[in-house]
$ cat target-v1.txt   # compact mmCIF, C-alpha atoms
# COMPACT_ATOMS: atom_id res chain seq x y z
CA MET A 1 101.89 79.80 71.32
CA PRO A 2 102.65 83.17 72.94
CA ALA A 3 103.38 83.24 76.67
CA GLY A 4 100.28 83.66 78.77
CA GLU A 5 98.03 82.13 76.17
CA LYS A 6 96.48 78.83 77.14
CA ASN A 7 94.86 76.36 74.77
CA MET A 8 91.57 75.58 76.50
CA ASP A 9 88.65 73.33 75.67
CA ALA A 10 85.61 75.33 74.59
CA MET A 11 83.11 73.66 76.92
CA GLU A 12 85.50 74.06 79.84
CA VAL A 13 85.86 77.76 79.04
CA ILE A 14 82.09 78.24 78.86
CA LEU A 15 81.44 76.37 82.10
CA THR A 16 84.28 77.83 84.18
CA ARG A 17 84.17 81.51 83.18
CA ARG A 18 83.44 83.69 86.20
CA SER A 19 83.56 87.43 86.75
CA ILE A 20 87.04 88.45 87.91
CA ARG A 21 87.41 91.78 89.70
CA LYS A 22 90.96 91.55 91.09
CA TYR A 23 93.96 91.62 88.80
CA VAL A 24 97.74 91.32 89.07
CA ASP A 25 100.03 94.02 87.71
CA LYS A 26 100.87 92.36 84.40
CA PRO A 27 100.28 94.02 81.03
CA ILE A 28 97.98 92.65 78.37
CA ASP A 29 99.79 92.57 75.01
CA ASP A 30 98.33 94.34 72.00
CA ASP A 31 98.13 91.09 70.00
CA ILE A 32 95.99 89.55 72.75
CA LEU A 33 93.74 92.60 72.73
CA LYS A 34 93.32 92.23 68.98
CA LYS A 35 92.33 88.58 69.47
CA LEU A 36 89.74 89.60 72.05
CA ILE A 37 88.17 92.11 69.67
CA ASN A 38 88.31 89.53 66.88
CA ALA A 39 86.32 87.22 69.16
CA GLY A 40 83.83 90.04 69.68
CA VAL A 41 83.24 90.65 65.98
CA SER A 42 82.81 86.89 65.47
CA ALA A 43 79.47 87.07 67.27
CA PRO A 44 76.33 86.70 65.20
CA SER A 45 74.26 89.82 64.57
CA ALA A 46 70.77 90.33 63.20
CA GLY A 47 70.99 90.28 59.42
CA ASN A 48 74.78 90.36 59.91
CA GLN A 49 74.48 94.08 60.65
CA GLN A 50 77.60 94.15 62.88
CA PRO A 51 76.63 97.42 64.57
CA TRP A 52 79.58 97.51 67.01
CA HIS A 53 82.55 99.72 67.80
CA PHE A 54 85.24 98.99 70.37
CA VAL A 55 87.06 101.58 72.46
CA VAL A 56 90.19 100.23 74.15
CA ILE A 57 90.80 102.14 77.38
CA ASP A 58 93.97 102.11 79.47
CA ASP A 59 94.06 105.76 80.53
CA GLN A 60 93.58 105.91 84.30
CA ASN A 61 92.13 109.42 84.00
CA ILE A 62 89.27 108.00 81.95
CA PHE A 63 88.71 105.22 84.48
CA ASP A 64 88.60 107.87 87.24
CA GLU A 65 85.95 109.79 85.32
CA ILE A 66 83.84 106.64 84.86
CA LEU A 67 84.14 105.96 88.60
CA GLN A 68 82.40 109.30 89.23
CA PHE A 69 79.07 107.95 87.95
CA HIS A 70 79.38 104.15 87.80
CA PRO A 71 78.65 102.57 91.19
CA ASN A 72 80.04 99.10 90.42
CA ALA A 73 83.29 99.97 88.69
CA LYS A 74 85.84 99.73 91.49
CA MET A 75 87.86 97.15 89.58
CA LEU A 76 88.76 99.83 87.01
CA LYS A 77 91.34 101.11 89.52
CA GLN A 78 93.24 97.87 89.13
CA CYS A 79 92.48 96.55 85.65
CA GLN A 80 95.08 96.63 82.89
CA LYS A 81 92.76 97.58 80.09
CA ALA A 82 89.08 97.80 79.38
CA ILE A 83 87.07 97.41 76.20
CA LEU A 84 84.04 99.63 75.79
CA ILE A 85 81.56 98.18 73.30
CA CYS A 86 79.35 100.73 71.59
CA SER A 87 76.66 100.51 68.97
CA ASP A 88 76.37 102.79 65.95
CA LEU A 89 72.65 103.24 65.38
CA ASN A 90 73.41 104.34 61.80
CA LEU A 91 74.59 100.78 61.11
CA GLU A 92 71.32 99.30 62.38
CA LYS A 93 69.39 97.32 59.75
CA PHE A 94 66.96 95.57 62.12
CA LYS A 95 65.54 97.84 64.79
CA GLY A 96 66.28 97.01 68.41
CA TYR A 97 68.54 94.05 67.70
CA TRP A 98 71.78 95.96 68.35
CA ILE A 99 71.34 95.22 72.07
CA LEU A 100 71.37 91.49 71.37
CA ASP A 101 74.29 91.82 68.92
CA CYS A 102 76.43 93.78 71.39
CA SER A 103 75.56 91.33 74.19
CA ALA A 104 76.73 88.40 72.07
CA ALA A 105 79.93 90.27 71.19
CA THR A 106 80.50 91.04 74.88
CA GLN A 107 80.00 87.40 75.85
CA ASN A 108 82.45 86.27 73.15
CA ILE A 109 85.09 88.62 74.56
CA LEU A 110 84.53 87.36 78.13
CA LEU A 111 84.99 83.78 76.93
CA ALA A 112 88.01 84.55 74.74
CA ALA A 113 89.64 86.35 77.66
CA HIS A 114 89.11 83.35 79.94
CA ALA A 115 90.46 81.05 77.21
CA MET A 116 93.67 83.10 77.21
CA GLY A 117 93.96 83.14 80.99
CA ILE A 118 92.67 86.70 81.37
CA GLY A 119 90.04 87.66 83.92
CA SER A 120 87.18 89.90 82.90
CA CYS A 121 84.10 91.57 84.27
CA TRP A 122 81.07 92.85 82.30
CA LEU A 123 80.15 96.29 83.60
CA GLY A 124 76.66 97.30 82.57
CA ILE A 125 76.36 100.66 80.82
CA TYR A 126 73.15 100.22 78.75
CA PRO A 127 70.28 100.46 79.76
CA ARG A 128 71.27 102.90 82.55
CA VAL A 129 70.78 106.36 81.03
CA GLU A 130 73.09 108.16 83.47
CA ARG A 131 75.94 105.78 82.66
CA MET A 132 75.35 106.03 78.90
CA LYS A 133 75.30 109.82 79.07
CA GLY A 134 78.37 109.86 81.31
CA ILE A 135 80.38 107.78 78.83
CA GLN A 136 79.11 109.78 75.83
CA LYS A 137 80.28 112.97 77.54
CA ILE A 138 83.77 111.66 78.37
CA PHE A 139 84.39 110.70 74.74
CA SER A 140 82.29 113.50 73.12
CA MET A 141 80.51 110.79 71.17
CA PRO A 142 78.09 111.62 68.37
CA GLU A 143 74.42 110.99 69.21
CA ASN A 144 74.20 107.86 67.05
CA ILE A 145 76.87 106.11 69.16
CA ILE A 146 75.40 104.29 72.17
CA PRO A 147 77.81 102.99 74.83
CA PHE A 148 76.67 99.48 75.72
CA SER A 149 79.08 97.52 77.91
CA LEU A 150 82.46 98.00 79.52
CA ILE A 151 84.67 94.95 79.93
CA ALA A 152 87.39 95.24 82.58
CA LEU A 153 90.41 93.04 81.81
CA GLY A 154 93.45 91.80 83.70
CA TYR A 155 95.35 88.67 84.64
CA PRO A 156 93.44 87.26 87.62
CA ASP A 157 94.41 87.84 91.21
CA GLU A 158 91.44 85.80 92.45
CA LYS A 159 90.03 82.41 91.63
CA HIS A 160 86.42 81.25 91.73
CA GLY A 161 85.26 77.67 91.62
CA THR A 162 82.68 76.54 89.12
CA VAL A 163 79.04 76.81 90.11
CA ASP A 164 76.16 74.56 89.15
CA ARG A 165 73.30 76.81 88.06
CA TYR A 166 71.31 74.07 86.31
CA GLU A 167 67.80 73.90 87.73
CA GLU A 168 65.36 71.30 86.43
CA ASN A 169 62.39 73.58 87.12
CA ARG A 170 63.69 76.03 84.53
CA ILE A 171 63.61 73.38 81.78
CA HIS A 172 60.39 72.61 79.89
CA HIS A 173 59.59 70.16 77.09
CA ASN A 174 57.22 71.11 74.27
CA LYS A 175 54.99 72.93 76.73
CA TRP A 176 55.17 75.57 79.43
CA MET B 1 84.06 61.17 75.12
CA PRO B 2 80.61 60.42 73.71
CA ALA B 3 80.24 59.93 69.97
CA GLY B 4 79.52 63.14 68.14
CA GLU B 5 81.19 65.27 70.76
CA LYS B 6 84.35 66.94 69.63
CA ASN B 7 86.94 68.44 71.91
CA MET B 8 87.52 71.86 70.37
CA ASP B 9 89.74 74.77 71.26
CA ALA B 10 87.74 77.65 72.68
CA MET B 11 89.17 80.36 70.43
CA GLU B 12 88.63 78.17 67.39
CA VAL B 13 85.01 77.62 68.41
CA ILE B 14 84.44 81.36 68.90
CA LEU B 15 86.06 82.30 65.59
CA THR B 16 84.55 79.55 63.42
CA ARG B 17 80.93 79.48 64.66
CA ARG B 18 78.54 80.35 61.85
CA SER B 19 74.77 80.13 61.55
CA ILE B 20 73.76 76.70 60.25
CA ARG B 21 70.33 76.36 58.64
CA LYS B 22 70.57 72.90 57.01
CA TYR B 23 70.75 69.76 59.08
CA VAL B 24 71.13 66.01 58.55
CA ASP B 25 68.60 63.54 59.91
CA LYS B 26 70.50 62.56 63.04
CA PRO B 27 69.06 62.85 66.54
CA ILE B 28 70.56 65.01 69.26
CA ASP B 29 70.92 63.00 72.46
CA ASP B 30 69.33 64.19 75.68
CA ASP B 31 72.70 64.37 77.45
CA ILE B 32 73.97 66.74 74.77
CA LEU B 33 70.88 68.88 75.15
CA LYS B 34 71.49 69.06 78.88
CA LYS B 35 75.07 70.18 78.21
CA LEU B 36 73.80 72.91 75.91
CA ILE B 37 71.43 74.24 78.55
CA ASN B 38 74.19 74.00 81.15
CA ALA B 39 76.28 76.20 78.85
CA GLY B 40 73.37 78.64 78.71
CA VAL B 41 72.99 78.96 82.48
CA SER B 42 76.75 79.48 82.76
CA ALA B 43 76.37 82.92 81.20
CA PRO B 44 76.80 85.92 83.46
CA SER B 45 73.68 87.83 84.42
CA ALA B 46 73.15 91.20 86.06
CA GLY B 47 73.50 90.76 89.81
CA ASN B 48 73.48 87.00 89.09
CA GLN B 49 69.69 87.24 88.62
CA GLN B 50 69.56 84.26 86.17
CA PRO B 51 66.15 85.23 84.78
CA TRP B 52 65.99 82.47 82.17
CA HIS B 53 63.81 79.49 81.32
CA PHE B 54 64.42 76.98 78.53
CA VAL B 55 61.75 75.24 76.50
CA VAL B 56 63.06 72.28 74.51
CA ILE B 57 60.95 71.80 71.37
CA ASP B 58 60.94 68.80 69.06
CA ASP B 59 57.22 68.65 68.25
CA GLN B 60 56.80 69.39 64.55
CA ASN B 61 53.28 70.72 65.18
CA ILE B 62 54.76 73.47 67.31
CA PHE B 63 57.34 74.27 64.64
CA ASP B 64 54.51 74.49 62.08
CA GLU B 65 52.64 76.95 64.29
CA ILE B 66 55.76 79.11 64.69
CA LEU B 67 56.20 79.10 60.91
CA GLN B 68 52.78 80.77 60.62
CA PHE B 69 54.11 84.04 62.03
CA HIS B 70 57.92 83.84 61.90
CA PRO B 71 59.25 84.84 58.48
CA ASN B 72 62.80 83.50 58.92
CA ALA B 73 62.14 80.13 60.48
CA LYS B 74 62.26 77.78 57.48
CA MET B 75 65.02 75.72 59.09
CA LEU B 76 62.55 74.55 61.77
CA LYS B 77 61.16 72.12 59.19
CA GLN B 78 64.47 70.28 59.22
CA CYS B 79 66.00 70.85 62.64
CA GLN B 80 66.19 68.10 65.24
CA LYS B 81 65.37 70.19 68.23
CA ALA B 82 65.10 73.81 69.22
CA ILE B 83 65.65 75.61 72.49
CA LEU B 84 63.39 78.54 73.26
CA ILE B 85 64.93 80.90 75.80
CA CYS B 86 62.44 82.91 77.84
CA SER B 87 62.78 85.43 80.61
CA ASP B 88 60.72 85.43 83.77
CA LEU B 89 60.20 89.09 84.64
CA ASN B 90 59.37 88.06 88.22
CA LEU B 91 63.00 86.96 88.58
CA GLU B 92 64.30 90.33 87.44
CA LYS B 93 66.39 92.14 90.05
CA PHE B 94 67.90 94.78 87.75
CA LYS B 95 65.41 96.31 85.35
CA GLY B 96 66.02 95.85 81.65
CA TYR B 97 69.07 93.62 81.99
CA TRP B 98 67.21 90.38 81.25
CA ILE B 99 67.69 91.08 77.54
CA LEU B 100 71.46 91.12 77.98
CA ASP B 101 71.37 88.05 80.24
CA CYS B 102 69.32 86.02 77.78
CA SER B 103 71.53 87.14 74.88
CA ALA B 104 74.64 85.92 76.71
CA ALA B 105 72.92 82.61 77.50
CA THR B 106 71.91 82.26 73.83
CA GLN B 107 75.46 82.95 72.65
CA ASN B 108 76.84 80.36 75.11
CA ILE B 109 74.49 77.75 73.67
CA LEU B 110 75.46 78.56 70.07
CA LEU B 111 79.13 78.16 70.98
CA ALA B 112 78.59 74.98 73.01
CA ALA B 113 76.65 73.48 70.10
CA HIS B 114 79.47 74.27 67.67
CA ALA B 115 81.99 72.82 70.15
CA MET B 116 80.03 69.54 70.05
CA GLY B 117 79.73 69.50 66.28
CA ILE B 118 76.13 70.71 66.23
CA GLY B 119 74.93 73.47 63.95
CA SER B 120 72.68 76.18 65.30
CA CYS B 121 70.83 79.29 64.27
CA TRP B 122 69.62 82.14 66.51
CA LEU B 123 66.07 83.04 65.52
CA GLY B 124 65.04 86.40 66.85
CA ILE B 125 61.81 86.51 68.85
CA TYR B 126 62.30 89.58 71.09
CA PRO B 127 61.92 92.51 70.28
CA ARG B 128 59.32 91.62 67.61
CA VAL B 129 55.97 91.90 69.39
CA GLU B 130 54.04 89.70 66.91
CA ARG B 131 56.57 86.87 67.39
CA MET B 132 56.56 87.22 71.17
CA LYS B 133 52.76 87.16 71.25
CA GLY B 134 52.66 84.23 68.82
CA ILE B 135 54.95 82.14 71.02
CA GLN B 136 53.15 83.14 74.22
CA LYS B 137 49.89 81.99 72.65
CA ILE B 138 51.23 78.60 71.50
CA PHE B 139 52.43 77.78 75.00
CA SER B 140 49.72 79.66 76.94
CA MET B 141 52.49 81.40 78.83
CA PRO B 142 51.79 83.61 81.85
CA GLU B 143 52.27 87.34 81.22
CA ASN B 144 55.51 87.51 83.17
CA ILE B 145 57.19 85.04 80.80
CA ILE B 146 58.74 86.77 77.78
CA PRO B 147 59.93 84.58 74.87
CA PHE B 148 63.33 85.91 73.83
CA SER B 149 65.20 83.69 71.35
CA LEU B 150 64.70 80.40 69.55
CA ILE B 151 67.78 78.32 68.77
CA ALA B 152 67.39 75.77 65.96
CA LEU B 153 69.72 72.78 66.39
CA GLY B 154 70.89 69.92 64.20
CA TYR B 155 74.00 68.20 62.94
CA PRO B 156 75.15 70.34 60.00
CA ASP B 157 74.36 69.61 56.38
CA GLU B 158 76.20 72.70 55.23
CA LYS B 159 79.61 74.18 55.90
CA HIS B 160 80.65 77.82 55.95
CA GLY B 161 84.20 79.09 55.91
CA THR B 162 85.42 81.52 58.50
CA VAL B 163 85.00 85.22 57.78
CA ASP B 164 87.26 88.08 58.80
CA ARG B 165 85.01 90.79 60.24
CA TYR B 166 87.80 92.72 61.95
CA GLU B 167 87.79 96.34 60.77
CA GLU B 168 90.42 98.77 62.04
CA ASN B 169 88.03 101.72 61.72
CA ARG B 170 85.78 100.17 64.40
CA ILE B 171 88.62 100.15 66.95
CA HIS B 172 89.42 103.25 68.99
CA HIS B 173 92.02 103.93 71.69
CA ASN B 174 91.23 106.10 74.71
CA LYS B 175 89.16 108.43 72.52
CA TRP B 176 86.35 108.34 70.01
$ encode --input "target-v1.txt" --output "structure tokens"
Amino acid sequence: MPAGEKNMDAMEVILTRRSIRKYVDKPIDDDILKKLINAGVSAPSAGNQQPWHFVVIDDQNIFDEILQFHPNAKMLKQCQKAILICSDLNLEKFKGYWILDCSAATQNILLAAHAMGIGSCWLGIYPRVERMKGIQKIFSMPENIIPFSLIALGYPDEKHGTVDRYEENRIHHNKW
Amino acid sequence: MPAGEKNMDAMEVILTRRSIRKYVDKPIDDDILKKLINAGVSAPSAGNQQPWHFVVIDDQNIFDEILQFHPNAKMLKQCQKAILICSDLNLEKFKGYWILDCSAATQNILLAAHAMGIGSCWLGIYPRVERMKGIQKIFSMPENIIPFSLIALGYPDEKHGTVDRYEENRIHHNKW
């Protein structure tokens, strides 16, 4: 197993993943990045339409441009890499489901990162029009490409305990 | 470890999860169901708004009613239980993000199920208005409650191999 890659129980990964916004100065290898994207494309999609594209970003100039219009993106100054998930509306077979597909792909990448000891944070792009337009402009994207989420990545420089979010009053049985 | 619960590597779970639509006649214990929902609420949500509710369904009459208007729900005739994820718009702090939040919660439950040897299938409710209205009617839900996804669950009676969905032409580096 490559250095830095932990073998972690799936349930533990799901229950202990937290947003990580502080990172140490340690590079993320290309093979790990490929595994993260492979986790992303392993998500289910409506009718298996797989509408996603992935833009790997590690150019600080691009991060600086994103910081101009994204109010919650401070961690981009410190992260090693980021993955921008986009949807290609031309690949859409079932209208409106690309949002769900790209969310599932994003969640898979967050979990895979945590499984490999990498901290991540889901930065919302969609549905904020000014952020979507800002990203489209940076990359001169065609109109059919919709930027959806930006995942900041880096080996963690902070640790969060697990939280119990289970609330009985949110659980119902055969009736509302 | 309880019977029927496998300890599975997180990356393996992410990469090998497939939609399962055929199930054996074996009950899903309540403690497992609680673990699945706990996986769901462990998903990230915008501003930690946690807008979700979970309706556990195992009443065949309800499944029959859903089958009246849902064209892809045949597996409900055979599944042991289903979890309906809904959003409470009154809990929404960041407009429009509940769709992403509920998608991430759904994906967590699919993965947790697979990790415990349970097959699952994500049945789309949102954004199909006729399905959302159909579900709201069955449960006489208040207007602020939006049915989002229905997850059919059961121990698998079919097996799918892994698929390689990684495509180099969907990966970009610092530019489109």
$ atom_distance --input "target-v1.txt" --atom1 "atom CA of A:Trp176" --atom2 "atom CA of B:Phe94"
24.5 Å
$ closest_atom_pairs --input "target-v1.txt" --of "chain B" --to "chain A" --cutoff "7 Å" --atoms "all atoms listed in the file" --output "tab-separated table"
residue	atom	partner	partner_atom	distance
B:Asn7	CA	A:Asp9	CA	6.4
B:Met8	CA	A:Asp9	CA	5.6
B:Asp9	CA	A:Asp9	CA	4.8
B:Ala10	CA	A:Ala10	CA	3.7
B:Met11	CA	A:Ala112	CA	6.1
B:Val13	CA	A:Ala10	CA	6.6
B:Ile14	CA	A:Ala39	CA	6.2
B:Leu15	CA	A:Ser42	CA	5.6
B:Asn38	CA	A:Tyr166	CA	5.9
B:Ala39	CA	A:Leu15	CA	6.1
B:Val41	CA	A:Arg165	CA	6.0
B:Ser42	CA	A:Leu15	CA	5.7
B:His53	CA	A:Arg170	CA	4.7
B:Phe54	CA	A:Ile171	CA	4.9
B:Val55	CA	A:His172	CA	4.5
B:Val56	CA	A:His173	CA	4.8
B:Ile57	CA	A:Asn174	CA	4.8
B:Asp58	CA	A:Asn174	CA	6.8
B:Asp59	CA	A:Asn174	CA	6.5
B:Gly96	CA	A:Pro127	CA	6.6
B:Leu100	CA	A:Ser103	CA	5.6
B:Ser103	CA	A:Leu100	CA	5.6
B:Ala104	CA	A:Gln107	CA	5.6
B:Gln107	CA	A:Ala104	CA	5.6
B:Asn108	CA	A:Ile14	CA	6.8
B:Ala112	CA	A:Met11	CA	6.1
B:Ala115	CA	A:Ala10	CA	6.3
B:Pro127	CA	A:Gly96	CA	6.5
B:Phe139	CA	A:Trp176	CA	5.7
B:Met141	CA	A:Trp176	CA	6.4
B:Arg165	CA	A:Val41	CA	6.0
B:Tyr166	CA	A:Asn38	CA	5.9
B:Arg170	CA	A:His53	CA	4.7
B:Ile171	CA	A:Phe54	CA	4.9
B:His172	CA	A:Val55	CA	4.5
B:His173	CA	A:Val56	CA	4.8
B:Asn174	CA	A:Ile57	CA	4.8
B:Lys175	CA	A:Phe139	CA	5.7
B:Trp176	CA	A:Phe139	CA	5.6
$ atom_distance --input "target-v1.txt" --atom1 "atom CA of B:Asn90" --atom2 "atom CA of B:Asn144"
6.4 Å
$ calpha_fit_and_write --input "target-v1.txt" --fixed "chain A" --moving "chain B" --output "CSV table (one decimal) with C-alpha atoms, in the frame of the given file"
chain,number,residue,atom,x,y,z
B,1,MET,CA,101.8,79.7,71.3
B,2,PRO,CA,102.5,83.1,72.9
B,3,ALA,CA,103.3,83.2,76.6
B,4,GLY,CA,100.2,83.7,78.7
B,5,GLU,CA,97.9,82.1,76.1
B,6,LYS,CA,96.4,78.9,77.2
B,7,ASN,CA,94.8,76.4,74.8
B,8,MET,CA,91.6,75.6,76.5
B,9,ASP,CA,88.7,73.3,75.7
B,10,ALA,CA,85.6,75.3,74.6
B,11,MET,CA,83.1,73.7,76.9
B,12,GLU,CA,85.5,74.1,79.9
B,13,VAL,CA,85.9,77.8,79.1
B,14,ILE,CA,82.1,78.3,78.9
B,15,LEU,CA,81.4,76.4,82.1
B,16,THR,CA,84.3,77.8,84.2
B,17,ARG,CA,84.2,81.5,83.2
B,18,ARG,CA,83.4,83.7,86.2
B,19,SER,CA,83.6,87.4,86.8
B,20,ILE,CA,87.0,88.5,87.9
B,21,ARG,CA,87.4,91.8,89.7
B,22,LYS,CA,91.0,91.6,91.1
B,23,TYR,CA,94.0,91.6,88.8
B,24,VAL,CA,97.8,91.3,89.0
B,25,ASP,CA,100.1,94.0,87.7
B,26,LYS,CA,100.9,92.4,84.4
B,27,PRO,CA,100.3,94.0,81.0
B,28,ILE,CA,98.0,92.6,78.4
B,29,ASP,CA,99.8,92.6,75.0
B,30,ASP,CA,98.3,94.3,72.0
B,31,ASP,CA,98.1,91.1,70.0
B,32,ILE,CA,96.0,89.6,72.8
B,33,LEU,CA,93.7,92.6,72.7
B,34,LYS,CA,93.3,92.2,69.0
B,35,LYS,CA,92.4,88.6,69.5
B,36,LEU,CA,89.8,89.6,72.0
B,37,ILE,CA,88.2,92.1,69.7
B,38,ASN,CA,88.3,89.5,66.9
B,39,ALA,CA,86.3,87.2,69.2
B,40,GLY,CA,83.8,90.0,69.7
B,41,VAL,CA,83.2,90.7,66.0
B,42,SER,CA,82.8,86.9,65.5
B,43,ALA,CA,79.5,87.1,67.3
B,44,PRO,CA,76.3,86.7,65.2
B,45,SER,CA,74.3,89.8,64.6
B,46,ALA,CA,70.8,90.3,63.2
B,47,GLY,CA,71.0,90.3,59.4
B,48,ASN,CA,74.8,90.4,59.9
B,49,GLN,CA,74.5,94.1,60.6
B,50,GLN,CA,77.6,94.2,62.9
B,51,PRO,CA,76.6,97.4,64.6
B,52,TRP,CA,79.6,97.5,67.0
B,53,HIS,CA,82.5,99.7,67.8
B,54,PHE,CA,85.3,99.0,70.4
B,55,VAL,CA,87.1,101.6,72.4
B,56,VAL,CA,90.2,100.2,74.1
B,57,ILE,CA,90.8,102.1,77.4
B,58,ASP,CA,94.0,102.1,79.5
B,59,ASP,CA,94.1,105.8,80.5
B,60,GLN,CA,93.6,105.9,84.3
B,61,ASN,CA,92.1,109.4,84.0
B,62,ILE,CA,89.3,108.0,82.0
B,63,PHE,CA,88.7,105.2,84.5
B,64,ASP,CA,88.6,107.9,87.2
B,65,GLU,CA,85.9,109.8,85.3
B,66,ILE,CA,83.8,106.6,84.9
B,67,LEU,CA,84.1,106.0,88.6
B,68,GLN,CA,82.4,109.3,89.2
B,69,PHE,CA,79.1,108.0,88.0
B,70,HIS,CA,79.4,104.2,87.8
B,71,PRO,CA,78.7,102.6,91.2
B,72,ASN,CA,80.1,99.1,90.4
B,73,ALA,CA,83.3,100.0,88.7
B,74,LYS,CA,85.8,99.7,91.5
B,75,MET,CA,87.9,97.1,89.6
B,76,LEU,CA,88.8,99.8,87.0
B,77,LYS,CA,91.3,101.1,89.5
B,78,GLN,CA,93.3,97.9,89.1
B,79,CYS,CA,92.5,96.6,85.7
B,80,GLN,CA,95.1,96.6,82.9
B,81,LYS,CA,92.8,97.6,80.1
B,82,ALA,CA,89.1,97.8,79.4
B,83,ILE,CA,87.1,97.4,76.2
B,84,LEU,CA,84.0,99.6,75.8
B,85,ILE,CA,81.5,98.2,73.3
B,86,CYS,CA,79.3,100.7,71.6
B,87,SER,CA,76.6,100.5,69.0
B,88,ASP,CA,76.4,102.8,66.0
B,89,LEU,CA,72.6,103.2,65.4
B,90,ASN,CA,73.4,104.3,61.8
B,91,LEU,CA,74.6,100.8,61.1
B,92,GLU,CA,71.3,99.3,62.4
B,93,LYS,CA,69.4,97.3,59.8
B,94,PHE,CA,67.0,95.6,62.1
B,95,LYS,CA,65.5,97.9,64.8
B,96,GLY,CA,66.3,97.0,68.4
B,97,TYR,CA,68.6,94.1,67.7
B,98,TRP,CA,71.8,96.0,68.4
B,99,ILE,CA,71.4,95.2,72.1
B,100,LEU,CA,71.4,91.5,71.4
B,101,ASP,CA,74.3,91.8,68.9
B,102,CYS,CA,76.4,93.8,71.4
B,103,SER,CA,75.6,91.3,74.2
B,104,ALA,CA,76.7,88.4,72.1
B,105,ALA,CA,79.9,90.3,71.2
B,106,THR,CA,80.5,91.1,74.9
B,107,GLN,CA,80.0,87.4,75.8
B,108,ASN,CA,82.5,86.3,73.1
B,109,ILE,CA,85.1,88.6,74.6
B,110,LEU,CA,84.6,87.4,78.1
B,111,LEU,CA,85.0,83.8,76.9
B,112,ALA,CA,88.0,84.6,74.7
B,113,ALA,CA,89.7,86.4,77.7
B,114,HIS,CA,89.1,83.4,79.9
B,115,ALA,CA,90.5,81.1,77.2
B,116,MET,CA,93.7,83.1,77.2
B,117,GLY,CA,94.0,83.2,81.0
B,118,ILE,CA,92.7,86.7,81.4
B,119,GLY,CA,90.0,87.7,83.9
B,120,SER,CA,87.2,89.9,82.9
B,121,CYS,CA,84.1,91.6,84.3
B,122,TRP,CA,81.1,92.8,82.3
B,123,LEU,CA,80.2,96.3,83.6
B,124,GLY,CA,76.7,97.3,82.6
B,125,ILE,CA,76.3,100.7,80.8
B,126,TYR,CA,73.1,100.2,78.8
B,127,PRO,CA,70.3,100.4,79.8
B,128,ARG,CA,71.3,102.9,82.6
B,129,VAL,CA,70.8,106.3,81.0
B,130,GLU,CA,73.1,108.2,83.5
B,131,ARG,CA,75.9,105.8,82.6
B,132,MET,CA,75.3,106.0,78.9
B,133,LYS,CA,75.3,109.8,79.1
B,134,GLY,CA,78.4,109.8,81.3
B,135,ILE,CA,80.4,107.8,78.8
B,136,GLN,CA,79.1,109.8,75.8
B,137,LYS,CA,80.3,112.9,77.5
B,138,ILE,CA,83.8,111.6,78.4
B,139,PHE,CA,84.4,110.7,74.8
B,140,SER,CA,82.3,113.5,73.1
B,141,MET,CA,80.5,110.8,71.2
B,142,PRO,CA,78.1,111.6,68.4
B,143,GLU,CA,74.4,111.0,69.2
B,144,ASN,CA,74.2,107.9,67.1
B,145,ILE,CA,76.9,106.1,69.1
B,146,ILE,CA,75.4,104.3,72.2
B,147,PRO,CA,77.8,103.0,74.8
B,148,PHE,CA,76.6,99.5,75.7
B,149,SER,CA,79.1,97.5,77.9
B,150,LEU,CA,82.5,98.0,79.5
B,151,ILE,CA,84.7,95.0,79.9
B,152,ALA,CA,87.4,95.2,82.6
B,153,LEU,CA,90.4,93.0,81.8
B,154,GLY,CA,93.5,91.8,83.7
B,155,TYR,CA,95.3,88.7,84.6
B,156,PRO,CA,93.4,87.3,87.6
B,157,ASP,CA,94.4,87.8,91.2
B,158,GLU,CA,91.5,85.8,92.4
B,159,LYS,CA,90.0,82.4,91.6
B,160,HIS,CA,86.4,81.3,91.8
B,161,GLY,CA,85.2,77.7,91.6
B,162,THR,CA,82.7,76.6,89.1
B,163,VAL,CA,79.0,76.8,90.1
B,164,ASP,CA,76.2,74.5,89.2
B,165,ARG,CA,73.3,76.8,88.1
B,166,TYR,CA,71.3,74.1,86.3
B,167,GLU,CA,67.8,73.9,87.7
B,168,GLU,CA,65.4,71.3,86.4
B,169,ASN,CA,62.4,73.5,87.1
B,170,ARG,CA,63.7,76.0,84.5
B,171,ILE,CA,63.6,73.4,81.8
B,172,HIS,CA,60.4,72.6,79.9
B,173,HIS,CA,59.6,70.2,77.1
B,174,ASN,CA,57.2,71.1,74.3
B,175,LYS,CA,55.0,72.9,76.7
B,176,TRP,CA,55.2,75.6,79.4
$ atom_distance --input "target-v1.txt" --atom1 "atom CA of A:Ile125" --atom2 "atom CA of A:Pro71"
10.8 Å
$ closest_residue --input "target-v1.txt" --among "A:Asp64, A:Gln80, A:Arg131, A:Arg21" --to "A:Gly154" --atoms "all atoms listed in the file"
A:Gln80
$ residues_around --input "target-v1.txt" --residues "A:Cys79" --least-positions-apart "4" --cutoff "9 Å" --atoms "all atoms listed in the file" --output "ChimeraX atom specification"
/A:21-25,58,75,120,152-155
$ axis_aligned_box --input "target-v1.txt" --around "stretch 71-84 of chain B" --padding-each-side "6 Å" --output "lines of an AutoDock Vina configuration file"
center_x = 62.7
center_y = 76.5
center_z = 65.4
size_x = 18.9
size_y = 28.7
size_z = 27.8
$ closest_residue --input "target-v1.txt" --among "A:Lys26, A:Lys137, A:Lys93, A:Lys81" --to "A:Glu65" --atoms "all atoms listed in the file"
A:Lys137
